[in-house]
$ cat upload04.txt   # compact mmCIF, C-alpha atoms
# COMPACT_ATOMS: atom_id res chain seq x y z
CA MET A 8 68.17 96.07 -36.55
CA GLN A 9 65.08 94.42 -38.00
CA ARG A 10 63.25 92.10 -35.61
CA LEU A 11 60.68 89.58 -36.78
CA THR A 12 57.35 89.51 -34.93
CA PRO A 13 56.48 86.32 -33.03
CA GLU A 14 54.17 85.32 -35.90
CA GLN A 15 56.96 85.82 -38.44
CA MET A 16 59.34 83.81 -36.27
CA ALA A 17 56.84 80.95 -36.07
CA GLU A 18 56.21 81.19 -39.82
CA ARG A 19 59.93 81.02 -40.56
CA LEU A 20 60.40 77.92 -38.41
CA ALA A 21 57.34 76.24 -39.92
CA GLN A 22 59.03 76.25 -43.34
CA ASP A 23 61.61 73.79 -41.94
CA ILE A 24 59.10 71.17 -40.78
CA PRO A 25 59.15 68.42 -43.41
CA ASP A 26 56.12 66.58 -44.73
CA GLY A 27 55.34 63.50 -42.65
CA SER A 28 56.88 64.73 -39.40
CA TYR A 29 55.68 63.93 -35.90
CA VAL A 30 56.11 67.20 -34.03
CA ASN A 31 55.71 68.42 -30.46
CA LEU A 32 55.19 72.15 -29.94
CA GLY A 33 56.04 73.66 -26.55
CA ILE A 34 54.02 76.17 -24.56
CA GLY A 35 54.18 79.80 -25.69
CA MET A 36 55.49 80.91 -29.08
CA PRO A 37 56.11 77.33 -30.31
CA VAL A 38 52.38 76.43 -30.43
CA MET A 39 51.96 79.19 -33.05
CA VAL A 40 54.06 77.20 -35.52
CA ALA A 41 51.07 74.95 -36.30
CA ASN A 42 49.31 77.93 -37.94
CA PHE A 43 52.05 78.35 -40.54
CA VAL A 44 53.04 74.92 -41.82
CA PRO A 45 52.77 75.15 -45.63
CA GLU A 46 49.66 73.63 -47.24
CA GLY A 47 50.03 70.12 -48.53
CA ARG A 48 52.38 68.94 -45.81
CA ASP A 49 51.05 66.21 -43.52
CA VAL A 50 52.33 67.04 -40.06
CA ILE A 51 51.09 65.16 -36.99
CA TYR A 52 51.18 67.13 -33.76
CA HIS A 53 51.77 65.39 -30.47
CA SER A 54 50.61 66.83 -27.16
CA GLU A 55 52.26 65.59 -23.97
CA ASN A 56 48.94 65.06 -22.19
CA GLY A 57 48.19 62.14 -24.49
CA ILE A 58 47.21 63.22 -28.00
CA LEU A 59 48.60 62.39 -31.44
CA GLY A 60 46.88 64.40 -34.16
CA VAL A 61 46.08 67.67 -32.43
CA GLY A 62 43.73 69.73 -34.61
CA PRO A 63 42.72 73.39 -34.68
CA THR A 64 40.82 75.36 -32.06
CA PRO A 65 37.18 74.19 -31.84
CA ALA A 66 34.28 76.40 -32.88
CA PRO A 67 32.75 78.23 -29.90
CA GLY A 68 30.26 76.00 -28.12
CA THR A 69 31.79 72.74 -29.35
CA GLU A 70 34.68 72.53 -26.86
CA ASP A 71 35.32 69.22 -25.08
CA PRO A 72 36.54 70.19 -21.58
CA ASP A 73 38.94 67.23 -21.52
CA LEU A 74 40.42 67.94 -24.95
CA ILE A 75 43.18 70.49 -24.36
CA ASN A 76 46.79 70.94 -25.40
CA ALA A 77 49.90 71.32 -23.25
CA ALA A 78 49.16 75.04 -22.89
CA LYS A 79 45.70 74.09 -21.52
CA GLN A 80 43.90 75.57 -24.54
CA TYR A 81 40.92 73.79 -26.12
CA VAL A 82 41.85 71.85 -29.25
CA THR A 83 40.30 69.24 -31.54
CA LEU A 84 41.42 65.86 -32.83
CA ILE A 85 42.09 65.34 -36.54
CA LYS A 86 40.89 62.24 -38.39
CA GLY A 87 43.28 59.42 -37.56
CA GLY A 88 44.25 60.97 -34.25
CA CYS A 89 44.28 59.03 -31.00
CA PHE A 90 44.57 59.26 -27.22
CA PHE A 91 46.83 57.53 -24.68
CA ASP A 92 47.99 57.98 -21.10
CA THR A 93 50.88 60.15 -19.90
CA ALA A 94 53.35 57.28 -19.41
CA GLU A 95 52.86 56.17 -23.02
CA SER A 96 52.98 59.76 -24.22
CA PHE A 97 56.39 60.24 -22.62
CA ALA A 98 57.58 56.91 -23.96
CA MET A 99 56.99 58.45 -27.39
CA MET A 100 58.97 61.53 -26.40
CA ARG A 101 61.84 59.94 -24.50
CA GLY A 102 62.02 56.91 -26.77
CA GLY A 103 62.96 58.89 -29.86
CA HIS A 104 59.66 58.47 -31.71
CA LEU A 105 59.05 62.17 -32.38
CA ASP A 106 60.94 63.90 -35.19
CA ILE A 107 60.98 67.48 -33.97
CA ALA A 108 60.38 69.29 -30.69
CA VAL A 109 59.99 73.05 -30.85
CA LEU A 110 60.77 74.56 -27.46
CA GLY A 111 60.97 78.02 -26.01
CA GLY A 112 64.19 79.07 -24.34
CA PHE A 113 65.55 81.37 -21.65
CA GLN A 114 69.14 80.71 -22.78
CA VAL A 115 71.07 78.53 -25.24
CA SER A 116 74.82 77.95 -25.00
CA ALA A 117 77.46 77.64 -27.73
CA ALA A 118 77.47 73.87 -27.15
CA GLY A 119 73.68 73.61 -27.62
CA ASP A 120 72.80 73.44 -23.92
CA LEU A 121 69.26 74.64 -23.26
CA ALA A 122 67.93 76.46 -20.18
CA ASN A 123 64.17 77.00 -20.14
CA TRP A 124 62.64 75.86 -16.83
CA ALA A 125 64.04 77.97 -14.00
CA THR A 126 65.61 81.38 -13.49
CA ASP A 127 67.79 82.64 -10.66
CA ASN A 128 64.79 84.25 -8.94
CA GLU A 129 64.05 82.02 -5.95
CA LYS A 130 60.61 83.56 -5.35
CA TYR A 131 59.50 82.62 -8.86
CA PRO A 132 58.41 78.97 -8.93
CA PRO A 133 60.26 76.78 -11.43
CA ALA A 134 58.18 74.68 -13.85
CA VAL A 135 59.67 71.96 -16.02
CA GLY A 136 56.72 70.05 -17.49
CA GLY A 137 57.84 67.93 -20.44
CA ALA A 138 60.77 70.10 -21.53
CA MET A 139 63.54 67.86 -20.20
CA ASP A 140 62.02 64.69 -21.66
CA LEU A 141 61.55 66.33 -25.05
CA SER A 142 65.03 67.82 -25.05
CA VAL A 143 66.68 64.41 -24.61
CA GLY A 144 64.17 62.39 -26.61
CA ALA A 145 63.11 64.19 -29.77
CA LYS A 146 65.23 63.45 -32.85
CA ALA A 147 65.74 67.21 -33.36
CA VAL A 148 65.22 70.09 -30.94
CA TYR A 149 64.51 73.50 -32.45
CA VAL A 150 64.46 76.48 -30.09
CA LEU A 151 62.18 79.38 -30.97
CA MET A 152 62.99 82.45 -28.89
CA ARG A 153 63.82 86.13 -29.04
CA HIS A 154 67.50 86.82 -29.59
CA THR A 155 67.78 89.00 -26.49
CA THR A 156 65.87 89.54 -23.24
CA LYS A 157 63.37 92.38 -22.83
CA ASP A 158 66.17 94.58 -21.48
CA GLY A 159 68.51 93.72 -24.35
CA GLN A 160 70.70 91.09 -22.69
CA PRO A 161 71.90 88.26 -24.95
CA LYS A 162 70.21 84.86 -24.56
CA ILE A 163 72.75 82.98 -26.67
CA LEU A 164 75.83 82.65 -24.50
CA ASP A 165 79.16 80.85 -23.98
CA GLU A 166 77.50 79.04 -21.06
CA CYS A 167 73.95 79.20 -19.71
CA SER A 168 73.74 80.91 -16.31
CA TYR A 169 70.27 79.47 -15.55
CA PRO A 170 69.76 75.80 -14.62
CA LEU A 171 69.98 73.52 -17.64
CA THR A 172 67.12 71.63 -19.26
CA GLY A 173 69.47 69.46 -21.29
CA THR A 174 73.11 69.44 -22.38
CA GLY A 175 74.08 69.60 -26.06
CA VAL A 176 70.49 69.01 -27.18
CA VAL A 177 69.70 72.01 -29.41
CA ARG A 178 69.98 71.54 -33.19
CA ARG A 179 68.78 74.96 -34.39
CA ILE A 180 67.89 78.33 -32.89
CA TYR A 181 65.24 80.46 -34.61
CA THR A 182 65.27 84.01 -33.29
CA ASP A 183 63.83 87.34 -34.36
CA LEU A 184 67.22 88.24 -35.88
CA ALA A 185 68.60 85.06 -37.44
CA VAL A 186 68.57 81.29 -37.83
CA ILE A 187 71.53 79.59 -36.18
CA GLU A 188 72.64 75.99 -36.39
CA VAL A 189 74.55 74.28 -33.58
CA THR A 190 77.50 72.50 -35.23
CA ASP A 191 80.66 70.80 -34.00
CA ALA A 192 82.59 73.83 -35.26
CA GLY A 193 80.39 76.28 -33.33
CA LEU A 194 77.23 78.32 -33.77
CA GLN A 195 76.78 78.71 -37.50
CA VAL A 196 74.53 81.51 -38.71
CA VAL A 197 72.58 80.00 -41.60
CA GLU A 198 70.28 82.92 -42.25
CA LEU A 199 70.19 86.60 -41.34
CA HIS A 200 66.71 88.10 -41.41
CA ASP A 201 66.34 90.98 -43.87
CA GLY A 202 68.03 94.16 -42.78
CA ASN A 203 70.42 92.60 -40.26
CA SER A 204 74.16 92.38 -40.81
CA PHE A 205 76.25 89.60 -39.33
CA GLU A 206 78.01 92.21 -37.18
CA ASP A 207 74.68 93.43 -35.74
CA VAL A 208 73.63 89.89 -34.83
CA GLN A 209 77.04 89.08 -33.39
CA ALA A 210 76.83 92.21 -31.21
CA ALA A 211 73.49 90.97 -29.78
CA THR A 212 74.97 87.56 -28.97
CA GLY A 213 76.99 86.54 -25.91
CA THR A 214 79.23 84.06 -27.71
CA ARG A 215 81.10 83.85 -30.98
CA LEU A 216 79.06 83.11 -34.11
CA LEU A 217 80.30 81.76 -37.43
CA PRO A 218 79.27 83.97 -40.35
CA PRO A 219 76.99 82.56 -43.04
CA ALA A 220 78.59 81.25 -46.21
CA ALA A 221 79.08 84.17 -48.60
CA MET B 5 30.43 39.61 -4.78
CA ILE B 6 32.68 42.46 -5.79
CA ASP B 7 31.04 45.81 -5.44
CA LYS B 8 33.37 48.81 -5.16
CA ARG B 9 30.63 51.41 -5.39
CA ILE B 10 30.51 53.98 -2.59
CA ALA B 11 27.43 56.13 -2.08
CA SER B 12 29.11 59.53 -1.80
CA MET B 13 32.37 61.35 -2.38
CA ARG B 14 32.68 62.17 1.34
CA GLU B 15 32.18 58.53 2.38
CA ALA B 16 34.85 57.43 -0.08
CA LEU B 17 37.47 59.55 1.72
CA THR B 18 36.68 59.07 5.43
CA ASP B 19 39.98 57.25 6.09
CA VAL B 20 42.25 59.96 4.65
CA ALA B 21 44.39 60.84 7.69
CA PRO B 22 46.34 64.06 8.25
CA GLY B 23 49.76 63.77 6.63
CA SER B 24 48.54 61.42 3.87
CA ALA B 25 50.14 61.39 0.43
CA VAL B 26 47.40 61.81 -2.17
CA MET B 27 47.79 61.50 -5.94
CA ILE B 28 45.29 63.52 -7.96
CA GLY B 29 44.82 62.68 -11.63
CA GLY B 30 44.33 65.19 -14.42
CA PHE B 31 46.25 67.71 -16.48
CA GLY B 32 45.29 71.38 -16.42
CA SER B 33 41.49 71.17 -16.13
CA SER B 34 41.25 67.88 -18.08
CA GLY B 35 40.48 64.61 -16.32
CA ILE B 36 40.51 66.22 -12.88
CA PRO B 37 38.37 64.60 -10.14
CA PHE B 38 36.95 67.94 -9.05
CA GLU B 39 34.22 66.41 -6.85
CA LEU B 40 36.65 64.18 -4.96
CA ILE B 41 38.97 67.14 -4.42
CA GLU B 42 36.08 69.16 -3.01
CA ALA B 43 35.16 66.23 -0.74
CA LEU B 44 38.80 66.04 0.39
CA ARG B 45 38.70 69.74 1.20
CA GLN B 46 35.49 69.32 3.22
CA HIS B 47 36.98 66.25 4.95
CA GLY B 48 39.60 68.65 6.24
CA ALA B 49 42.63 66.42 6.88
CA GLY B 50 45.69 68.66 6.70
CA ASP B 51 49.44 68.36 6.27
CA LEU B 52 48.83 66.57 2.97
CA THR B 53 51.34 65.76 0.27
CA ILE B 54 49.58 66.35 -3.05
CA ILE B 55 51.03 64.53 -6.04
CA SER B 56 49.59 65.94 -9.27
CA ASN B 57 50.92 67.42 -12.51
CA ASN B 58 49.73 70.96 -11.77
CA ALA B 59 48.88 72.92 -8.64
CA GLY B 60 45.44 74.26 -9.53
CA VAL B 61 44.26 77.61 -10.83
CA ALA B 62 41.95 80.31 -9.44
CA GLU B 63 39.96 78.85 -6.51
CA GLU B 64 39.38 75.49 -8.19
CA GLY B 65 40.49 71.97 -7.39
CA ILE B 66 43.92 71.74 -5.82
CA ALA B 67 44.05 75.54 -5.52
CA ALA B 68 41.20 75.34 -2.96
CA LEU B 69 43.19 72.79 -0.91
CA LEU B 70 46.14 75.18 -0.98
CA ARG B 71 43.96 78.16 -0.07
CA ASP B 72 42.62 76.29 2.97
CA ARG B 73 46.22 75.45 3.91
CA LEU B 74 45.66 71.71 3.94
CA VAL B 75 48.79 70.98 1.92
CA ARG B 76 52.34 70.73 3.24
CA LYS B 77 54.03 69.64 0.03
CA VAL B 78 53.29 69.57 -3.69
CA VAL B 79 54.96 66.99 -5.95
CA CYS B 80 54.47 67.96 -9.58
CA SER B 81 56.04 68.89 -12.92
CA TYR B 82 54.39 72.24 -13.64
CA PRO B 83 53.01 74.21 -10.67
CA ARG B 84 52.98 77.58 -12.40
CA SER B 85 50.10 78.20 -14.80
CA GLN B 86 48.05 81.21 -15.73
CA GLY B 87 46.00 81.88 -12.60
CA SER B 88 47.86 79.58 -10.20
CA ILE B 89 47.58 82.31 -7.58
CA TRP B 90 47.39 80.15 -4.47
CA PHE B 91 50.42 78.08 -5.30
CA GLU B 92 52.42 81.20 -6.15
CA ARG B 93 51.33 82.97 -2.97
CA LEU B 94 52.23 80.06 -0.69
CA PHE B 95 55.50 79.48 -2.52
CA GLU B 96 56.52 83.09 -2.10
CA GLU B 97 55.60 82.93 1.60
CA GLY B 98 57.73 79.81 1.96
CA ALA B 99 54.58 78.08 3.24
CA ILE B 100 54.76 75.12 0.89
CA GLU B 101 57.37 72.58 -0.07
CA LEU B 102 57.82 71.84 -3.79
CA GLU B 103 59.29 68.69 -5.32
CA LEU B 104 59.58 69.38 -9.04
CA ILE B 105 59.94 66.36 -11.34
CA PRO B 106 60.22 66.27 -15.15
CA GLN B 107 56.81 65.16 -16.37
CA GLY B 108 57.91 61.92 -18.05
CA THR B 109 59.94 60.90 -15.01
CA PHE B 110 56.96 61.78 -12.82
CA ALA B 111 54.62 59.50 -14.80
CA GLU B 112 57.17 56.71 -15.09
CA ARG B 113 57.99 56.75 -11.36
CA MET B 114 54.31 56.15 -10.62
CA ARG B 115 54.10 53.49 -13.30
CA ALA B 116 57.15 51.81 -11.75
CA ALA B 117 55.47 51.81 -8.32
CA GLY B 118 52.35 50.27 -9.83
CA ALA B 119 54.32 47.77 -11.90
CA GLY B 120 56.45 46.46 -9.03
CA LEU B 121 59.73 47.89 -10.30
CA GLY B 122 62.51 49.16 -8.05
CA GLY B 123 63.23 52.10 -10.33
CA PHE B 124 64.61 52.84 -13.78
CA PHE B 125 67.40 54.70 -15.56
CA THR B 126 66.27 57.67 -17.64
CA PRO B 127 68.29 60.06 -19.82
CA THR B 128 65.94 62.88 -18.75
CA GLY B 129 67.69 65.38 -16.50
CA TYR B 130 71.15 63.87 -16.94
CA GLY B 131 73.76 66.62 -16.58
CA THR B 132 71.24 69.00 -14.98
CA LYS B 133 70.29 70.04 -11.46
CA MET B 134 67.59 67.33 -11.50
CA ALA B 135 70.32 64.67 -11.36
CA GLU B 136 72.09 66.14 -8.33
CA GLY B 137 72.55 63.56 -5.57
CA LYS B 138 71.24 60.74 -7.75
CA GLU B 139 73.04 57.67 -9.00
CA THR B 140 74.00 57.95 -12.67
CA ARG B 141 75.21 55.34 -15.12
CA GLU B 142 76.52 55.25 -18.65
CA ILE B 143 74.70 52.70 -20.79
CA ASP B 144 75.82 52.21 -24.40
CA GLY B 145 77.63 55.53 -24.30
CA ARG B 146 74.74 57.59 -23.00
CA GLY B 147 74.25 59.06 -19.53
CA TYR B 148 71.25 58.02 -17.42
CA VAL B 149 69.86 58.92 -13.99
CA LEU B 150 68.41 56.39 -11.53
CA GLU B 151 64.86 57.29 -10.54
CA HIS B 152 62.86 55.55 -7.81
CA PRO B 153 59.22 54.46 -7.74
CA LEU B 154 56.66 56.95 -6.43
CA SER B 155 53.65 55.65 -4.54
CA ALA B 156 50.99 57.21 -2.32
CA ASP B 157 48.37 56.40 0.28
CA PHE B 158 45.51 57.41 -2.01
CA ALA B 159 44.93 58.16 -5.68
CA LEU B 160 41.92 60.22 -6.69
CA VAL B 161 41.18 59.68 -10.37
CA ARG B 162 38.41 60.63 -12.77
CA ALA B 163 36.94 58.60 -15.58
CA HIS B 164 34.08 58.98 -18.02
CA LYS B 165 32.53 55.62 -17.22
CA GLY B 166 33.09 52.99 -14.58
CA ASP B 167 31.40 49.81 -13.36
CA ARG B 168 31.10 48.21 -9.92
CA TRP B 169 34.30 46.20 -10.44
CA GLY B 170 36.23 49.44 -10.95
CA ASN B 171 36.85 49.09 -14.68
CA LEU B 172 37.33 52.58 -16.09
CA ALA B 173 37.06 54.21 -19.53
CA TYR B 174 38.05 57.81 -20.18
CA ASN B 175 36.86 60.70 -22.32
CA THR B 176 39.36 61.89 -24.98
CA ALA B 177 42.50 63.42 -23.38
CA GLY B 178 40.98 63.16 -19.89
CA ARG B 179 42.95 59.94 -19.48
CA ASN B 180 46.41 61.54 -18.94
CA PHE B 181 47.78 60.66 -15.48
CA ASN B 182 44.71 58.78 -14.23
CA PRO B 183 45.79 55.25 -15.28
CA VAL B 184 49.31 55.43 -13.79
CA MET B 185 48.06 56.94 -10.55
CA ALA B 186 45.37 54.27 -10.25
CA MET B 187 48.18 51.68 -10.40
CA ALA B 188 50.50 53.42 -7.97
CA ALA B 189 48.48 54.11 -4.82
CA GLU B 190 47.49 51.95 -1.86
CA VAL B 191 43.84 52.97 -2.24
CA THR B 192 42.46 54.25 -5.55
CA VAL B 193 39.17 56.13 -5.57
CA ALA B 194 37.55 56.78 -8.95
CA GLU B 195 35.07 59.57 -9.64
CA VAL B 196 33.00 58.60 -12.68
CA GLU B 197 30.62 60.64 -14.77
CA HIS B 198 28.55 57.54 -15.50
CA LEU B 199 28.28 54.41 -13.40
CA VAL B 200 27.34 51.59 -15.76
CA GLU B 201 26.34 47.94 -15.42
CA LEU B 202 28.93 45.17 -15.62
CA GLY B 203 29.32 44.26 -19.26
CA ASP B 204 28.28 47.68 -20.55
CA LEU B 205 31.86 48.84 -21.06
CA ASN B 206 33.47 47.64 -24.26
CA PRO B 207 36.31 45.45 -22.92
CA GLU B 208 38.59 46.94 -25.61
CA SER B 209 38.02 50.45 -24.30
CA VAL B 210 38.75 49.75 -20.62
CA ALA B 211 41.93 51.78 -20.07
CA THR B 212 42.16 51.07 -16.32
CA PRO B 213 41.27 47.48 -15.39
CA GLY B 214 39.27 47.23 -12.17
CA VAL B 215 42.05 45.42 -10.32
CA PHE B 216 43.74 48.83 -9.88
CA VAL B 217 40.66 50.50 -8.40
CA ASN B 218 39.28 50.17 -4.86
CA ARG B 219 36.33 52.55 -4.77
CA VAL B 220 34.01 53.94 -7.43
CA VAL B 221 31.75 56.94 -6.87
CA ALA B 222 29.30 58.48 -9.33
CA GLN B 223 29.46 62.25 -9.70
CA GLU B 224 26.92 64.03 -7.52
CA GLY B 225 26.94 67.34 -9.35
CA MET B 226 28.38 68.99 -6.24
CA ASN B 227 30.51 71.54 -8.11
$ encode --input "upload04.txt" --output "structure tokens"
Amino acid sequence: MQRLTPEQMAERLAQDIPDGSYVNLGIGMPVMVANFVPEGRDVIYHSENGILGVGPTPAPGTEDPDLINAAKQYVTLIKGGCFFDTAESFAMMRGGHLDIAVLGGFQVSAAGDLANWATDNEKYPPAVGGAMDLSVGAKAVYVLMRHTTKDGQPKILDECSYPLTGTGVVRRIYTDLAVIEVTDAGLQVVELHDGNSFEDVQAATGTRLLPPAA
Amino acid sequence: MIDKRIASMREALTDVAPGSAVMIGGFGSSGIPFELIEALRQHGAGDLTIISNNAGVAEEGIAALLRDRLVRKVVCSYPRSQGSIWFERLFEEGAIELELIPQGTFAERMRAAGAGLGGFFTPTGYGTKMAEGKETREIDGRGYVLEHPLSADFALVRAHKGDRWGNLAYNTAGRNFNPVMAMAAEVTVAEVEHLVELGDLNPESVATPGVFVNRVVAQEGMN
């Protein structure tokens, strides 16, 4: 099977972010999406700690210690950007004012349930951050994750075994093997990455997929 | 005459008793009242409940309170960050209690406490483990969870500028949790980078009105 690199996965998802969108990118692979949004599209990035209009990494020596993103990396503010407090920031998220949230995932179920904040390892501290608020509040939730775990176990399942972040919240899943849409009829494969057959992708998935239109 | 200025960080925290609940503003390393946290550590009151978005990294800030075993419980949304060694160590030992709250619910619970509300219904966490044991309600066809206000004995916040009435203005994204915590606690202590004269702050840029602040201390450069 052909697996996309994390950069290629982020680049693929970035193609589906329309001009004029307000977008929140989660910690990890999702923040890479900002590097690949096609030129000419105006996309405004929201950061949960109180920023609309997150800009690129600052030049060395020009960092503002208070100006960081959700992943605690130094960022800049674009022209027209602004700051606000956490309660207002989450009002934007929960209140349906953001168009797209791109989140990482441990598991996604056939019904679009997302699990991404806790595992079944009780010694490993859980961490939820803004994931639950985004999952219920953004107009569309896109999950960007590898199709399987490091040891080859499927992450797309009939039911999530890890604690849920939100129920029925995921719109699309972008993996290193395929792009999958969550529909009322089931998980619809909309795109197979080059070199992968539907059967290969189905075999790496823990629930039934619908094949792409011929 | 209203003058909320206190001469030193240590003096501003003398009445923090063992077992106090203390909110600490900031997100990651942004907007954190590092000098007040260090003064709290030196003050030495233990058995604290620390209410803050993160649980500190390396030996800095809240991590130093954890290292010195002054904290009984952490209330937060995201305790695990790159380098959060002390939290992870104590958690694995079973030496610390964790109350994990989705970040928006966390902020709104403090805002509710500060705003005199008895709670609110949020869709966040509905249908998940976070809603277990909580009252839920369907409103216009959507499921919501009842969340209660969250207050504390003290809030330690950091601002860019403050005046002797406690009006505060922040630097860029350093605002984050500081305004809601300032509203929510019994006693709010503000660490400011610059103490300015009354009238020097642009009234339009005051993000925390002085009514929410009890004590203002200028940074001493102690870190």
$ closest_residue --input "upload04.txt" --among "A:Arg48, A:Lys86, A:Arg19, A:Arg101" --to "chain B" --atoms "all atoms listed in the file"
A:Arg101
$ interface_residues --input "upload04.txt" --of "chain B" --to "chain A" --cutoff "10 Å" --atoms "all atoms listed in the file" --output "ChimeraX atom specification"
/B:30-36,57-58,80-86,91-93,95-98,102,104-115,126-134,174-184,211
$ closest_residue --input "upload04.txt" --among "A:Ala41, A:Ala185, A:Ala108, A:Met152" --to "Pro13 in chain A" --atoms "only C-alpha atoms"
A:Met152
$ residues_near_point --input "upload04.txt" --point "(73.2, 85.9, -26.3)" --cutoff "8 Å" --atoms "all atoms listed in the file" --output "list of chain:residue names"
A:Gln114, A:Val115, A:His154, A:Thr155, A:Gln160, A:Pro161, A:Lys162, A:Ile163, A:Leu164, A:Ala211, A:Thr212, A:Gly213, A:Thr214
$ atom_distance --input "upload04.txt" --atom1 "CA of Val215 in chain B" --atom2 "CA of Thr18 in chain B"
21.5 Å
$ residues_around --input "upload04.txt" --residues "Arg10 in chain A" --least-positions-apart "5" --cutoff "8 Å" --atoms "all atoms listed in the file" --output "PyMOL selection string"
chain A and resi 183-184+200
$ atom_distance --input "upload04.txt" --atom1 "CA of Tyr52 in chain A" --atom2 "CA of Glu70 in chain A"
18.7 Å
$ residues_around --input "upload04.txt" --residues "range 203-209 of chain B" --least-positions-apart "4" --cutoff "9 Å" --atoms "all atoms listed in the file" --output "list in words"
Lys165, Gly166, Asp167, Asn171, Leu172, Ala173 and Tyr174 of chain B
$ atom_distance --input "upload04.txt" --atom1 "CA of Ile143 in chain B" --atom2 "CA of Glu188 in chain A"
28.1 Å
$ axis_aligned_box --input "upload04.txt" --around "range 198-215 of chain A" --padding-each-side "5 Å" --output "JSON"
{"center_x": 73.7, "center_y": 88.5, "center_z": -34.9, "size_x": 24.8, "size_y": 21.2, "size_z": 28.0}
